[in-house]
file target-v5.cif (mmCIF, C-alpha atoms)
data_upload
#
loop_
_atom_site.group_PDB
_atom_site.id
_atom_site.type_symbol
_atom_site.label_atom_id
_atom_site.label_comp_id
_atom_site.auth_asym_id
_atom_site.auth_seq_id
_atom_site.Cartn_x
_atom_site.Cartn_y
_atom_site.Cartn_z
ATOM 1 C CA MET A 1184 88.673 7.735 13.975
ATOM 2 C CA SER A 1185 90.694 10.244 11.968
ATOM 3 C CA LEU A 1186 88.749 12.486 9.628
ATOM 4 C CA VAL A 1187 91.765 13.513 7.582
ATOM 5 C CA PRO A 1188 91.522 10.744 4.909
ATOM 6 C CA PHE A 1189 87.960 11.741 4.100
ATOM 7 C CA LEU A 1190 88.980 15.346 3.556
ATOM 8 C CA LEU A 1191 91.305 14.237 0.752
ATOM 9 C CA HIS A 1192 88.396 13.135 -1.469
ATOM 10 C CA PRO A 1193 87.772 15.824 -4.108
ATOM 11 C CA GLY A 1194 84.259 16.874 -5.063
ATOM 12 C CA PHE A 1195 82.526 16.224 -1.726
ATOM 13 C CA LEU A 1196 81.091 18.961 0.434
ATOM 14 C CA MET A 1197 80.798 17.468 3.930
ATOM 15 C CA ASN A 1198 82.095 19.419 6.877
ATOM 16 C CA ASN A 1199 83.870 17.915 9.887
ATOM 17 C CA ASP A 1200 80.691 17.641 11.958
ATOM 18 C CA GLN A 1201 78.996 15.653 9.188
ATOM 19 C CA LEU A 1202 82.026 13.430 8.735
ATOM 20 C CA LEU A 1203 81.953 12.600 12.436
ATOM 21 C CA ARG A 1204 78.163 12.204 12.656
ATOM 22 C CA TYR A 1205 78.041 9.743 9.753
ATOM 23 C CA SER A 1206 81.450 8.152 10.341
ATOM 24 C CA ARG A 1207 80.087 4.674 11.153
ATOM 25 C CA GLN A 1208 78.289 4.597 7.800
ATOM 26 C CA ILE A 1209 81.213 6.072 5.871
ATOM 27 C CA MET A 1210 83.425 3.289 7.265
ATOM 28 C CA LEU A 1211 81.373 0.717 5.360
ATOM 29 C CA PRO A 1212 83.204 -0.040 2.091
ATOM 30 C CA GLN A 1213 79.906 -0.269 0.201
ATOM 31 C CA MET A 1214 78.976 3.212 1.406
ATOM 32 C CA ASP A 1215 82.176 5.234 1.686
ATOM 33 C CA ILE A 1216 82.010 8.989 1.433
ATOM 34 C CA ALA A 1217 80.359 8.919 -2.005
ATOM 35 C CA GLY A 1218 77.340 7.021 -0.669
ATOM 36 C CA GLN A 1219 76.987 9.408 2.257
ATOM 37 C CA GLN A 1220 77.143 12.379 -0.090
ATOM 38 C CA ALA A 1221 74.393 10.777 -2.196
ATOM 39 C CA LEU A 1222 72.186 10.601 0.910
ATOM 40 C CA LEU A 1223 72.895 14.221 1.778
ATOM 41 C CA ASP A 1224 71.940 15.253 -1.753
ATOM 42 C CA ALA A 1225 68.728 13.173 -1.807
ATOM 43 C CA THR A 1226 65.071 14.043 -1.268
ATOM 44 C CA VAL A 1227 62.673 11.437 0.120
ATOM 45 C CA LEU A 1228 58.909 11.875 0.183
ATOM 46 C CA ILE A 1229 57.227 10.099 3.116
ATOM 47 C CA ILE A 1230 53.453 9.875 2.817
ATOM 48 C CA GLY A 1231 51.855 8.998 6.145
ATOM 49 C CA LEU A 1232 53.436 9.835 9.505
ATOM 50 C CA GLY A 1233 51.890 6.989 11.446
ATOM 51 C CA GLY A 1234 53.307 3.683 12.636
ATOM 52 C CA LEU A 1235 55.404 3.094 9.508
ATOM 53 C CA GLY A 1236 56.278 6.664 8.613
ATOM 54 C CA CYS A 1237 57.584 7.595 12.060
ATOM 55 C CA PRO A 1238 60.446 5.066 12.320
ATOM 56 C CA ALA A 1239 61.202 5.397 8.605
ATOM 57 C CA ALA A 1240 61.523 9.183 8.905
ATOM 58 C CA MET A 1241 63.643 8.964 12.041
ATOM 59 C CA TYR A 1242 66.111 6.512 10.537
ATOM 60 C CA LEU A 1243 66.357 8.440 7.280
ATOM 61 C CA ALA A 1244 66.973 11.658 9.201
ATOM 62 C CA SER A 1245 69.589 10.075 11.443
ATOM 63 C CA SER A 1246 71.258 8.473 8.405
ATOM 64 C CA GLY A 1247 71.661 11.859 6.756
ATOM 65 C CA VAL A 1248 69.087 12.114 3.977
ATOM 66 C CA GLY A 1249 69.321 15.804 3.100
ATOM 67 C CA HIS A 1250 65.658 16.633 2.514
ATOM 68 C CA LEU A 1251 62.566 14.880 3.868
ATOM 69 C CA ILE A 1252 59.114 15.844 2.612
ATOM 70 C CA LEU A 1253 56.472 14.736 5.111
ATOM 71 C CA ALA A 1254 52.827 14.534 4.067
ATOM 72 C CA ASP A 1255 49.876 13.709 6.335
ATOM 73 C CA ASP A 1256 46.553 15.450 6.943
ATOM 74 C CA ASP A 1257 45.911 13.898 10.355
ATOM 75 C CA ASP A 1258 46.462 15.086 13.939
ATOM 76 C CA VAL A 1259 48.068 13.147 16.774
ATOM 77 C CA ASP A 1260 45.618 11.148 18.888
ATOM 78 C CA LEU A 1261 46.318 9.443 22.203
ATOM 79 C CA SER A 1262 45.726 6.033 20.603
ATOM 80 C CA ASN A 1263 48.573 6.729 18.142
ATOM 81 C CA LEU A 1264 51.260 6.872 20.819
ATOM 82 C CA GLN A 1265 51.414 3.093 21.290
ATOM 83 C CA ARG A 1266 53.290 2.751 17.983
ATOM 84 C CA GLN A 1267 53.904 6.125 16.298
ATOM 85 C CA ILE A 1268 57.230 6.847 17.924
ATOM 86 C CA ALA A 1269 57.937 10.304 16.467
ATOM 87 C CA HIS A 1270 54.988 11.703 18.458
ATOM 88 C CA MET A 1271 55.060 12.398 22.197
ATOM 89 C CA THR A 1272 52.308 12.756 24.799
ATOM 90 C CA ALA A 1273 52.630 16.522 24.524
ATOM 91 C CA SER A 1274 52.004 16.211 20.765
ATOM 92 C CA VAL A 1275 48.381 15.083 21.170
ATOM 93 C CA GLY A 1276 46.223 17.471 19.155
ATOM 94 C CA LYS A 1277 49.102 18.711 16.973
ATOM 95 C CA SER A 1278 49.322 17.857 13.308
ATOM 96 C CA LYS A 1279 51.386 14.738 12.707
ATOM 97 C CA VAL A 1280 53.691 16.508 10.274
ATOM 98 C CA ALA A 1281 54.402 19.300 12.787
ATOM 99 C CA SER A 1282 55.018 16.795 15.568
ATOM 100 C CA ALA A 1283 57.300 14.640 13.416
ATOM 101 C CA SER A 1284 59.173 17.690 12.101
ATOM 102 C CA GLU A 1285 59.942 18.764 15.653
ATOM 103 C CA THR A 1286 61.248 15.299 16.532
ATOM 104 C CA LEU A 1287 63.399 15.099 13.404
ATOM 105 C CA SER A 1288 64.913 18.545 13.978
ATOM 106 C CA LYS A 1289 65.987 17.449 17.458
ATOM 107 C CA LEU A 1290 67.375 14.224 16.050
ATOM 108 C CA ASN A 1291 69.359 15.872 13.240
ATOM 109 C CA ASP A 1292 69.155 19.618 12.699
ATOM 110 C CA GLY A 1293 71.147 19.279 9.475
ATOM 111 C CA VAL A 1294 68.208 17.702 7.659
ATOM 112 C CA LYS A 1295 65.778 19.941 5.783
ATOM 113 C CA VAL A 1296 62.165 19.000 6.549
ATOM 114 C CA THR A 1297 59.195 20.146 4.483
ATOM 115 C CA ALA A 1298 55.866 19.512 6.228
ATOM 116 C CA LEU A 1299 52.701 19.178 4.134
ATOM 117 C CA LYS A 1300 49.557 18.965 6.271
ATOM 118 C CA GLN A 1301 47.345 17.667 3.520
ATOM 119 C CA ARG A 1302 46.124 14.518 1.853
ATOM 120 C CA LEU A 1303 48.195 14.471 -1.310
ATOM 121 C CA ASP A 1304 46.325 14.006 -4.549
ATOM 122 C CA GLY A 1305 46.029 15.660 -7.947
ATOM 123 C CA ASP A 1306 48.530 18.396 -8.758
ATOM 124 C CA ALA A 1307 49.834 18.543 -5.167
ATOM 125 C CA LEU A 1308 50.784 14.865 -5.305
ATOM 126 C CA GLU A 1309 52.403 15.255 -8.720
ATOM 127 C CA ARG A 1310 54.493 18.206 -7.477
ATOM 128 C CA ALA A 1311 55.658 16.365 -4.367
ATOM 129 C CA VAL A 1312 56.504 13.190 -6.287
ATOM 130 C CA SER A 1313 58.435 15.160 -8.928
ATOM 131 C CA GLN A 1314 60.741 16.538 -6.208
ATOM 132 C CA ALA A 1315 61.581 13.131 -4.734
ATOM 133 C CA ASP A 1316 64.315 10.624 -5.468
ATOM 134 C CA VAL A 1317 62.386 7.944 -3.555
ATOM 135 C CA ILE A 1318 58.828 7.763 -2.198
ATOM 136 C CA LEU A 1319 57.847 5.873 0.938
ATOM 137 C CA ASP A 1320 54.196 4.859 0.996
ATOM 138 C CA CYS A 1321 53.398 4.610 4.701
ATOM 139 C CA THR A 1322 49.642 4.984 4.326
ATOM 140 C CA ASP A 1323 47.077 2.529 5.651
ATOM 141 C CA ASN A 1324 44.457 2.282 2.910
ATOM 142 C CA PHE A 1325 44.278 0.901 -0.595
ATOM 143 C CA SER A 1326 42.762 3.973 -2.241
ATOM 144 C CA SER A 1327 45.739 6.147 -1.219
ATOM 145 C CA ARG A 1328 48.216 3.500 -2.312
ATOM 146 C CA PHE A 1329 46.748 3.256 -5.803
ATOM 147 C CA VAL A 1330 46.890 7.039 -6.269
ATOM 148 C CA ILE A 1331 50.469 7.243 -4.969
ATOM 149 C CA ASN A 1332 51.521 4.324 -7.165
ATOM 150 C CA ALA A 1333 50.031 5.927 -10.273
ATOM 151 C CA ALA A 1334 51.922 9.175 -9.623
ATOM 152 C CA ALA A 1335 55.177 7.282 -8.983
ATOM 153 C CA VAL A 1336 54.782 5.321 -12.227
ATOM 154 C CA LYS A 1337 53.986 8.488 -14.197
ATOM 155 C CA GLN A 1338 57.008 10.364 -12.790
ATOM 156 C CA GLY A 1339 59.364 7.376 -12.920
ATOM 157 C CA VAL A 1340 60.216 7.546 -9.199
ATOM 158 C CA ALA A 1341 61.040 4.495 -7.062
ATOM 159 C CA LEU A 1342 58.358 3.590 -4.514
ATOM 160 C CA VAL A 1343 58.921 1.666 -1.274
ATOM 161 C CA SER A 1344 55.623 0.274 -0.021
ATOM 162 C CA GLY A 1345 55.093 -1.118 3.476
ATOM 163 C CA ALA A 1346 52.073 -2.464 5.322
ATOM 164 C CA ALA A 1347 51.447 -3.867 8.800
ATOM 165 C CA ILE A 1348 48.370 -5.169 10.556
ATOM 166 C CA ARG A 1349 47.775 -7.406 13.576
ATOM 167 C CA MET A 1350 51.140 -9.249 13.729
ATOM 168 C CA GLU A 1351 51.767 -9.458 9.992
ATOM 169 C CA GLY A 1352 53.774 -7.155 7.760
ATOM 170 C CA GLN A 1353 54.845 -6.892 4.151
ATOM 171 C CA LEU A 1354 57.304 -4.863 2.122
ATOM 172 C CA CYS A 1355 58.045 -4.372 -1.563
ATOM 173 C CA VAL A 1356 60.028 -1.999 -3.768
ATOM 174 C CA PHE A 1357 58.599 -0.793 -7.064
ATOM 175 C CA ASP A 1358 61.495 0.762 -8.951
ATOM 176 C CA ASN A 1359 59.712 2.792 -11.610
ATOM 177 C CA ARG A 1360 63.059 3.868 -13.049
ATOM 178 C CA ARG A 1361 63.264 0.365 -14.537
ATOM 179 C CA ASP A 1362 61.099 -0.896 -17.388
ATOM 180 C CA ASP A 1363 61.016 -4.430 -15.953
ATOM 181 C CA SER A 1364 59.812 -3.473 -12.468
ATOM 182 C CA PRO A 1365 56.263 -4.319 -11.419
ATOM 183 C CA CYS A 1366 54.164 -1.622 -9.805
ATOM 184 C CA TYR A 1367 51.817 -1.723 -6.821
ATOM 185 C CA GLN A 1368 48.827 -2.361 -9.080
ATOM 186 C CA CYS A 1369 50.520 -5.461 -10.466
ATOM 187 C CA LEU A 1370 50.138 -6.824 -6.925
ATOM 188 C CA HIS A 1371 46.769 -5.440 -5.813
ATOM 189 C CA GLN A 1372 43.685 -4.606 -7.816
ATOM 190 C CA GLU A 1373 41.352 -1.715 -7.143
ATOM 191 C CA GLY A 1374 38.481 -2.884 -4.981
ATOM 192 C CA ASP A 1375 40.672 -4.992 -2.677
ATOM 193 C CA ASP A 1376 39.537 -5.088 0.944
ATOM 194 C CA GLU A 1377 39.448 -1.563 2.395
ATOM 195 C CA ALA A 1378 38.491 -2.967 5.814
ATOM 196 C CA LEU A 1379 42.073 -4.016 6.525
ATOM 197 C CA SER A 1380 43.061 -1.193 8.866
ATOM 198 C CA CYS A 1381 44.746 -1.040 12.251
ATOM 199 C CA SER A 1382 41.759 0.762 13.752
ATOM 200 C CA GLU A 1383 39.553 -2.191 12.813
ATOM 201 C CA ASN A 1384 41.979 -5.066 13.414
ATOM 202 C CA GLY A 1385 44.704 -3.825 15.772
ATOM 203 C CA VAL A 1386 48.463 -3.955 15.393
ATOM 204 C CA MET A 1387 51.458 -4.839 17.579
ATOM 205 C CA ALA A 1388 53.656 -1.804 18.225
ATOM 206 C CA PRO A 1389 57.144 -3.168 17.351
ATOM 207 C CA LEU A 1390 55.843 -4.666 14.091
ATOM 208 C CA VAL A 1391 55.380 -1.264 12.469
ATOM 209 C CA GLY A 1392 58.851 -0.317 13.712
ATOM 210 C CA ILE A 1393 60.327 -3.324 11.925
ATOM 211 C CA ILE A 1394 58.549 -2.659 8.637
ATOM 212 C CA GLY A 1395 59.155 1.111 8.767
ATOM 213 C CA SER A 1396 62.861 0.533 9.440
ATOM 214 C CA LEU A 1397 63.035 -1.870 6.488
ATOM 215 C CA GLN A 1398 61.436 0.819 4.313
ATOM 216 C CA ALA A 1399 64.181 3.226 5.359
ATOM 217 C CA MET A 1400 66.837 0.606 4.573
ATOM 218 C CA GLU A 1401 65.447 0.012 1.094
ATOM 219 C CA ALA A 1402 65.302 3.770 0.443
ATOM 220 C CA ILE A 1403 68.964 4.126 1.415
ATOM 221 C CA LYS A 1404 69.892 1.246 -0.913
ATOM 222 C CA LEU A 1405 68.006 2.836 -3.801
ATOM 223 C CA ILE A 1406 69.672 6.213 -3.253
ATOM 224 C CA THR A 1407 73.215 4.915 -2.852
ATOM 225 C CA GLY A 1408 73.123 1.912 -5.172
ATOM 226 C CA ILE A 1409 74.199 -0.396 -2.362
ATOM 227 C CA GLY A 1410 73.187 -4.045 -2.457
ATOM 228 C CA LYS A 1411 70.115 -5.562 -4.090
ATOM 229 C CA PRO A 1412 66.822 -3.733 -3.529
ATOM 230 C CA LEU A 1413 63.614 -5.651 -2.958
ATOM 231 C CA THR A 1414 62.419 -4.861 -6.478
ATOM 232 C CA GLY A 1415 60.219 -7.640 -7.864
ATOM 233 C CA ARG A 1416 60.165 -9.450 -4.537
ATOM 234 C CA LEU A 1417 57.443 -9.287 -1.908
ATOM 235 C CA LEU A 1418 58.655 -9.807 1.663
ATOM 236 C CA PHE A 1419 56.243 -11.117 4.298
ATOM 237 C CA LEU A 1420 56.795 -11.129 8.061
ATOM 238 C CA ASP A 1421 54.835 -13.265 10.497
ATOM 239 C CA ALA A 1422 55.831 -11.689 13.809
ATOM 240 C CA GLN A 1423 54.143 -14.384 15.884
ATOM 241 C CA SER A 1424 56.636 -16.980 14.672
ATOM 242 C CA MET A 1425 59.228 -14.354 13.596
ATOM 243 C CA GLN A 1426 59.464 -15.907 10.169
ATOM 244 C CA PHE A 1427 60.172 -14.087 6.944
ATOM 245 C CA ARG A 1428 59.157 -15.457 3.578
ATOM 246 C CA GLU A 1429 59.590 -14.061 0.106
ATOM 247 C CA MET A 1430 57.506 -14.242 -3.052
ATOM 248 C CA LYS A 1431 58.632 -13.258 -6.531
ATOM 249 C CA LEU A 1432 56.487 -10.533 -8.053
ATOM 250 C CA ASN A 1433 56.502 -10.185 -11.836
ATOM 251 C CA LYS A 1434 55.364 -7.257 -13.905
ATOM 252 C CA ASN A 1435 51.794 -7.777 -15.063
ATOM 253 C CA PRO A 1436 51.683 -7.294 -18.868
ATOM 254 C CA GLU A 1437 48.017 -6.324 -18.556
ATOM 255 C CA CYS A 1438 48.418 -3.931 -15.630
ATOM 256 C CA PRO A 1439 46.251 -0.861 -16.294
ATOM 257 C CA CYS A 1440 48.786 1.384 -14.523
ATOM 258 C CA CYS A 1441 52.336 0.515 -15.595
ATOM 259 C CA ASN A 1442 51.505 -0.876 -19.046
#

call {"tool": "encode", "arguments": {"input": "target-v5.cif", "output": "structure tokens"}}
result
Amino acid sequence: MSLVPFLLHPGFLMNNDQLLRYSRQIMLPQMDIAGQQALLDATVLIIGLGGLGCPAAMYLASSGVGHLILADDDDVDLSNLQRQIAHMTASVGKSKVASASETLSKLNDGVKVTALKQRLDGDALERAVSQADVILDCTDNFSSRFVINAAAVKQGVALVSGAAIRMEGQLCVFDNRRDDSPCYQCLHQEGDDEALSCSENGVMAPLVGIIGSLQAMEAIKLITGIGKPLTGRLLFLDAQSMQFREMKLNKNPECPCCN
């Protein structure tokens, strides 16, 4: 394809390599060069570089999100490699954020990656959230999700939450930029079952790839304004029957977090 028409758009800063790299996205009329520039200018915070965070980070990097902040306090274990596709056999023993950063730099060296080897909470979480245009919650426990949700609500940052266990997954967008959006605590209450973890129940490898990729898609939609985000809708996937179903999620007027 010719790059010349794109160079005629005033106010955009992409070079020829970027125009070629992202050309298949720029060709989409919903996206165009303005949408691609919005991605390049965006910062996404990904909390958890496991089964969900790995594919989400890789697709956001390949799509051209300009700055990815990766947060995880864990190291790569051999049992992770079945599903956490940003980590390689040689990465065993490395921190997950270092391993993922190396993969992302090989995938797209034009993306800035900030690696935080820590469990985000308190002031550190507030600082990271304040830098982000969108947050991806790719953690695997309720306590972390409640803390992340509270920070996202406080800072008014959109949150894309994914979960996967066994052969079941779910996805929802909590757009805290909107007054009518529910938050994660409208859906789950503190004290919900902490035993629901992959280490206790198992998980099918491609399932986390599906949910993580959907998280990346929703983040791109939020950044560019394309389409209809999954705000106020909870998407369920039963991978055994490969059936999706959707449930409407309303804002809880008595939610202790967002009200």

call {"tool": "resolve_selection", "arguments": {"input": "target-v5.cif", "expression": "the PyMOL selection byres ((chain A and resi 1264) around 12)", "output": "PyMOL selection string"}}
result
chain A and resi 1232-1234+1237+1258-1263+1265-1276+1279+1282+1388

call {"tool": "write_last_selection", "arguments": {"input": "target-v5.cif", "atoms": "C-alpha atoms", "output": "compact mmCIF listing (two decimals), in the frame of the given file"}}
result
# COMPACT_ATOMS: atom_id res chain seq x y z
CA LEU A 1232 53.44 9.84 9.51
CA GLY A 1233 51.89 6.99 11.45
CA GLY A 1234 53.31 3.68 12.64
CA CYS A 1237 57.58 7.60 12.06
CA ASP A 1258 46.46 15.09 13.94
CA VAL A 1259 48.07 13.15 16.77
CA ASP A 1260 45.62 11.15 18.89
CA LEU A 1261 46.32 9.44 22.20
CA SER A 1262 45.73 6.03 20.60
CA ASN A 1263 48.57 6.73 18.14
CA GLN A 1265 51.41 3.09 21.29
CA ARG A 1266 53.29 2.75 17.98
CA GLN A 1267 53.90 6.12 16.30
CA ILE A 1268 57.23 6.85 17.92
CA ALA A 1269 57.94 10.30 16.47
CA HIS A 1270 54.99 11.70 18.46
CA MET A 1271 55.06 12.40 22.20
CA THR A 1272 52.31 12.76 24.80
CA ALA A 1273 52.63 16.52 24.52
CA SER A 1274 52.00 16.21 20.76
CA VAL A 1275 48.38 15.08 21.17
CA GLY A 1276 46.22 17.47 19.16
CA LYS A 1279 51.39 14.74 12.71
CA SER A 1282 55.02 16.80 15.57
CA ALA A 1388 53.66 -1.80 18.23

call {"tool": "resolve_selection", "arguments": {"input": "target-v5.cif", "expression": "the PyMOL selection byres ((chain A and resi 1432) around 12)", "output": "list in words"}}
result
Leu1354, Cys1355, Val1356, Phe1357, Asp1363, Ser1364, Pro1365, Cys1366, Tyr1367, Gln1368, Cys1369, Leu1370, His1371, Leu1413, Thr1414, Gly1415, Arg1416, Leu1417, Leu1418, Glu1429, Met1430, Lys1431, Asn1433, Lys1434 and Asn1435 of chain A

call {"tool": "write_last_selection", "arguments": {"input": "target-v5.cif", "atoms": "C-alpha atoms", "output": "mmCIF file, in the coordinates of the input"}}
result
data_model
loop_
_atom_site.group_PDB
_atom_site.id
_atom_site.type_symbol
_atom_site.label_atom_id
_atom_site.label_comp_id
_atom_site.auth_asym_id
_atom_site.auth_seq_id
_atom_site.Cartn_x
_atom_site.Cartn_y
_atom_site.Cartn_z
ATOM 1 C CA LEU A 1354 57.304 -4.863 2.122
ATOM 2 C CA CYS A 1355 58.045 -4.372 -1.563
ATOM 3 C CA VAL A 1356 60.028 -1.999 -3.768
ATOM 4 C CA PHE A 1357 58.599 -0.793 -7.064
ATOM 5 C CA ASP A 1363 61.016 -4.430 -15.953
ATOM 6 C CA SER A 1364 59.812 -3.473 -12.468
ATOM 7 C CA PRO A 1365 56.263 -4.319 -11.419
ATOM 8 C CA CYS A 1366 54.164 -1.622 -9.805
ATOM 9 C CA TYR A 1367 51.817 -1.723 -6.821
ATOM 10 C CA GLN A 1368 48.827 -2.361 -9.080
ATOM 11 C CA CYS A 1369 50.520 -5.461 -10.466
ATOM 12 C CA LEU A 1370 50.138 -6.824 -6.925
ATOM 13 C CA HIS A 1371 46.769 -5.440 -5.813
ATOM 14 C CA LEU A 1413 63.614 -5.651 -2.958
ATOM 15 C CA THR A 1414 62.419 -4.861 -6.478
ATOM 16 C CA GLY A 1415 60.219 -7.640 -7.864
ATOM 17 C CA ARG A 1416 60.165 -9.450 -4.537
ATOM 18 C CA LEU A 1417 57.443 -9.287 -1.908
ATOM 19 C CA LEU A 1418 58.655 -9.807 1.663
ATOM 20 C CA GLU A 1429 59.590 -14.061 0.106
ATOM 21 C CA MET A 1430 57.506 -14.242 -3.052
ATOM 22 C CA LYS A 1431 58.632 -13.258 -6.531
ATOM 23 C CA ASN A 1433 56.502 -10.185 -11.836
ATOM 24 C CA LYS A 1434 55.364 -7.257 -13.905
ATOM 25 C CA ASN A 1435 51.794 -7.777 -15.063
#

call {"tool": "atom_distance", "arguments": {"input": "target-v5.cif", "atom1": "atom CA of Ala1225 of chain A", "atom2": "atom CA of Pro1389 of chain A"}}
result
27.7 Å

call {"tool": "resolve_selection", "arguments": {"input": "target-v5.cif", "expression": "the PyMOL selection byres ((chain A and resi 1387) around 10)", "output": "list in words"}}
result
Gln1265, Arg1266, Ala1347, Ile1348, Arg1349, Met1350, Glu1351, Cys1381, Gly1385, Val1386, Ala1388, Pro1389, Leu1390, Val1391, Gly1392 and Ala1422 of chain A

call {"tool": "axis_aligned_box", "arguments": {"input": "target-v5.cif", "around": "segment 1408-1422 of chain A", "padding_each_side": "4 Å", "output": "JSON"}}
result
{"center_x": 64.5, "center_y": -5.7, "center_z": 3.0, "size_x": 27.4, "size_y": 23.2, "size_z": 29.7}

call {"tool": "closest_residue", "arguments": {"input": "target-v5.cif", "among": "A:Ser1344, A:Gln1208, A:Asn1332, A:Ser1284", "to": "Cys1441 of chain A", "atoms": "all atoms listed in the file"}}
result
A:Asn1332

call {"tool": "decode", "arguments": {"input": "target-v5.cif", "residues": "segment 1278-1294 of chain A", "atoms": "N, CA and C atoms", "output": "compact mmCIF listing (two decimals), in the first residue's frame"}}
result
# COMPACT_ATOMS: atom_id res chain seq x y z
N SER A 1278 12.29 -12.69 36.86
CA SER A 1278 11.04 -12.02 37.22
C SER A 1278 10.13 -11.98 35.99
N LYS A 1279 8.83 -12.08 36.23
CA LYS A 1279 7.89 -12.08 35.11
C LYS A 1279 7.92 -10.76 34.34
N VAL A 1280 8.11 -9.66 35.05
CA VAL A 1280 8.12 -8.38 34.32
C VAL A 1280 9.37 -8.25 33.45
N ALA A 1281 10.51 -8.78 33.92
CA ALA A 1281 11.73 -8.74 33.10
C ALA A 1281 11.59 -9.64 31.89
N SER A 1282 11.03 -10.84 32.10
CA SER A 1282 10.83 -11.77 31.01
C SER A 1282 9.87 -11.20 29.97
N ALA A 1283 8.76 -10.66 30.43
CA ALA A 1283 7.77 -10.09 29.50
C ALA A 1283 8.33 -8.88 28.77
N SER A 1284 9.09 -8.05 29.48
CA SER A 1284 9.69 -6.86 28.84
C SER A 1284 10.61 -7.26 27.70
N GLU A 1285 11.38 -8.32 27.92
CA GLU A 1285 12.28 -8.79 26.87
C GLU A 1285 11.51 -9.27 25.65
N THR A 1286 10.42 -10.00 25.89
CA THR A 1286 9.59 -10.48 24.78
C THR A 1286 8.97 -9.32 24.02
N LEU A 1287 8.44 -8.35 24.75
CA LEU A 1287 7.78 -7.21 24.10
C LEU A 1287 8.75 -6.37 23.30
N SER A 1288 9.98 -6.21 23.80
CA SER A 1288 10.97 -5.42 23.06
C SER A 1288 11.35 -6.09 21.75
N LYS A 1289 11.35 -7.42 21.73
CA LYS A 1289 11.62 -8.15 20.49
C LYS A 1289 10.42 -8.07 19.54
N LEU A 1290 9.24 -8.01 20.11
CA LEU A 1290 8.03 -7.93 19.30
C LEU A 1290 7.87 -6.56 18.67
N ASN A 1291 8.14 -5.50 19.45
CA ASN A 1291 7.99 -4.13 18.94
C ASN A 1291 8.91 -3.22 19.75
N ASP A 1292 10.06 -2.90 19.20
CA ASP A 1292 11.02 -2.09 19.95
C ASP A 1292 10.64 -0.61 19.99
N GLY A 1293 9.52 -0.25 19.36
CA GLY A 1293 9.05 1.12 19.43
C GLY A 1293 8.16 1.41 20.61
N VAL A 1294 7.85 0.37 21.39
CA VAL A 1294 6.99 0.53 22.56
C VAL A 1294 7.84 0.73 23.80
